[in-house]
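Reviewing the structure listed below.
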Amino acid sequence: MNAQLDVLHAGPGMTVQDRGRRGFRAQGLTAGGAADRMALAEGAALLDQSGDLAAIEMAGAGGSFRCTSDLRIALTGADMGASADGAPLAWNACHLLPAGTTLTLGGAKDGSYGYLHVGGGIATEPVMGARAGHLAAGLGEAIAAGDSLPLGPDKGGPTGRILERGDRFGGGTVHIVASMQTANFAAETLDRFVDTEFRRDTRANRVGVRMTHDGEGFFAEGQLSIVSEVIVPGDIQITGDGAPYVLMGECQTTGGYPRIGTVLPSDLPRVAQARAGDPIRFRLIETEEAITLERRARDWLAGIAGRIAPLTRNPHEMRDLLSYQLVGGAVSATADPFEEEDRK
Amino acid sequence: MSDWPVIRRVGLSGLLVTFAARMSEPANRAALALRAAIDAEGWEGVTETSTSLVSTFIGVDLAAKGPEELTRKLEKLLSAQDWYAAPLPSGRKLWRVPTVYGTDLAPQLAEAAEAAGMEAEEAVKQLSQARVRVLTIGFAPGQPYLGELGEAWDIPRQQGLTDTVPAGALIVAIRQLVLFTNASPTGWRHIGQTAFRTFRPEAETPFALSPGDEMMFPAIERDAYEDILASNADGNGGATQEVIE
């Protein structure tokens, strides 16, 4: 029997996520996929496995899980205060859980989405080429207590490693470029938009994140007669009450509300991870600068593996010193560290 | 001579060619034809294409490629012919979906007929004989916006929202019909009910319809509808399809 992960408790909005489904836009289905793509990539890097594998996305609330065999895991995204059989585990790190361990994750402390990655990935049956739950489209369902999630074969790899987290938590400045309808907004409206400090509203999910602010709304000229156009994730839609709504991975493919701008793909994780009340400012930049920023972010992402460090542990927190010694990625029984050194 | 079509950027996700400021048959035709032409060109870097009512979206990673080259190619292609008069893409299908009009299954037939200024009987006659095109697919996976109906059907959306209409509902407003994918609230009027599933994620062909397909909704009695429901494992709802030559 293949390895599985038993779900003992699950908070609401817990789903299997990967990079989502591409190529169905023409037929009304957006890609979906992990709300925080960076967290997905970090988990794959920590476990040294393919970025195509699926992980568990937890929307604010954690859960508890039991593994049926020895299991490599990585924890990324919003810090949910993990523990293994009661012993704390470092966040944004990978670990080995011996068979039978109960992994417990609490509420998100500094963001909105936490991720649990497993060696070999979550191996639920793909639908239309992906495992990502797209609940808005009726694809997949939320993970619930009592589920047993099948796991893919783990080719093995490091554990006991940590990756410094980026600064995308707690809100901040989000870069945007002009959208197809930005010109429908008066210059004063645009100026006021970029000068406004927004706060993430309580209304936010995988479809969109509403922003709230003091003062009047932001309206386009001829707002109600704008023809429906394509929507891409990151588009900032102005709804009837004048409030901006950043559209996320599970948004609709087209819409008739005007778009005041579009968030750069590399800044979308910051929007996703903002908690209700966190401050957000939009900075409108030219396409050229946006391309430069986006490329820089991609280079940074491509270099993740090089920034992973061995986990230095506090011996008082070590539950089972021996298991750490055996499986720690930093100390390999087969690799010769001096040979590595000689090549440099 | 005209300000249209226009090419605009869609964030860093691609370019958009828009053929008109509002829905019109020629502009929809142009968007469909341009999409088919771009697909046939097979330009490097184009990840996907789609259409909305009057626009063609060309998905390309602008952060990797920049917009200049694709914009030039598009301008050249746009000037090559009159897209508003272009033939519709080949391989499109004509669907006939059996539909119950009115009854408790579709309770707003009489109301919609009144808004269109005709008796319910005449409304059923017109709607069941209308041949409409999938103008675009959106709002929900596989969900078609169909048109255009005759001018009498330029009826407004209702003031309030209907809490929910079921999957397979046929609704009407602004000279268009929509065939619902999932149960959903709507401001359009529910005039017919079908057993046709537009989205079948478990099937080899998850989406029944493509933009440009044409549809008819022949009227059936309630009994016939119940029979269709009883053997509707494929979700086709008794519909037939043929390729439009």
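Chain labels follow the order of the structure tokens: the first chain is A, the next B, and so on; residue numbering restarts at 1 in every chain, and ligands are counted from 1 in their shown order.
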For a quick test of understanding: name the residues of chain B lying within 9 Å of chain A when counting only C-alpha atoms, and present them as a PyMOL selection string.
chain B and resi 7-13+16+18+20-23+47-57+62-64+66+136-144+182+201-202+204+206-207+209-211
Enumerate as a VMD selection string all residues of stretch 128-198 of chain B assigned to strand (DSSP E or B) by DSSP on the backbone, naming them with the chain letters and numbers the document uses.
chain B and resid 132 to 137 144 to 147 162 to 165 169 to 173 176 to 179 184 to 186 189 to 193
Within 10 Å of stretch 79-93 of chain B using only C-alpha atoms, minus same-chain residues under 5 positions, as a PyMOL selection string
chain B and resi 5+19+24-37+74+133+209-215+240-245
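Residues of stretch 199-305 of chain A carrying a DSSP assignment of alpha helix (DSSP H), computed from the backbone, are A:Leu268, A:Pro269, A:Arg270, A:Val271, A:Ala272, A:Gln273, A:Thr287, A:Glu288, A:Glu289, A:Ala290, A:Ile291, A:Thr292, A:Leu293, A:Glu294, A:Arg295, A:Arg296, A:Ala297, A:Arg298, A:Asp299, A:Trp300, A:Leu301, A:Ala302.
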Show me, as a ChimeraX atom specification, the residues that have an atom within 7 Å of B:Ala195 when counting only C-alpha atoms, minus same-chain residues fewer than 5 positions from it.
/B:168,229,235,237
Correct to one decimal, the distance atom CA of A:Thr159-atom CA of A:Leu47 is 7.0 Å
Distance query stretch 237-243 of chain A at most 9 Å, only C-alpha atoms, self and fewer than 6 positions along chain excluded, as an MDAnalysis selection string:
chainID A and resid 210:213 216:220 223:224 255 257:262
Need to verify the contact set: A:Gly152, 6 Å, only C-alpha atoms, exclusion of same-chain residues closer than 3 positions in sequence. Can you return it as number ranges by chain?
A: 120-121, 123
Taking 2 positions as the minimum chain separation for residues in the same chain, which residues sit within 6 Å of A:Ala132 when counting only C-alpha atoms? Answer as an MDAnalysis selection string.
chainID A and resid 16:18 20 33 130
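Here atom CA of B:Gln176 stands at a distance of 28.3 Å from atom CA of B:Asp227.
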What is the distance, in Å and to one decimal place, between atom CA of B:Lys73 and atom CA of A:Gly32?
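According to the coordinates, atom CA of B:Lys73 and atom CA of A:Gly32 are separated by 29.9 Å.
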Nearest residue to A:Thr102 out of A:Asp6, A:Glu188, A:Asp214, A:Glu125, using only C-alpha atoms?
A:Asp6
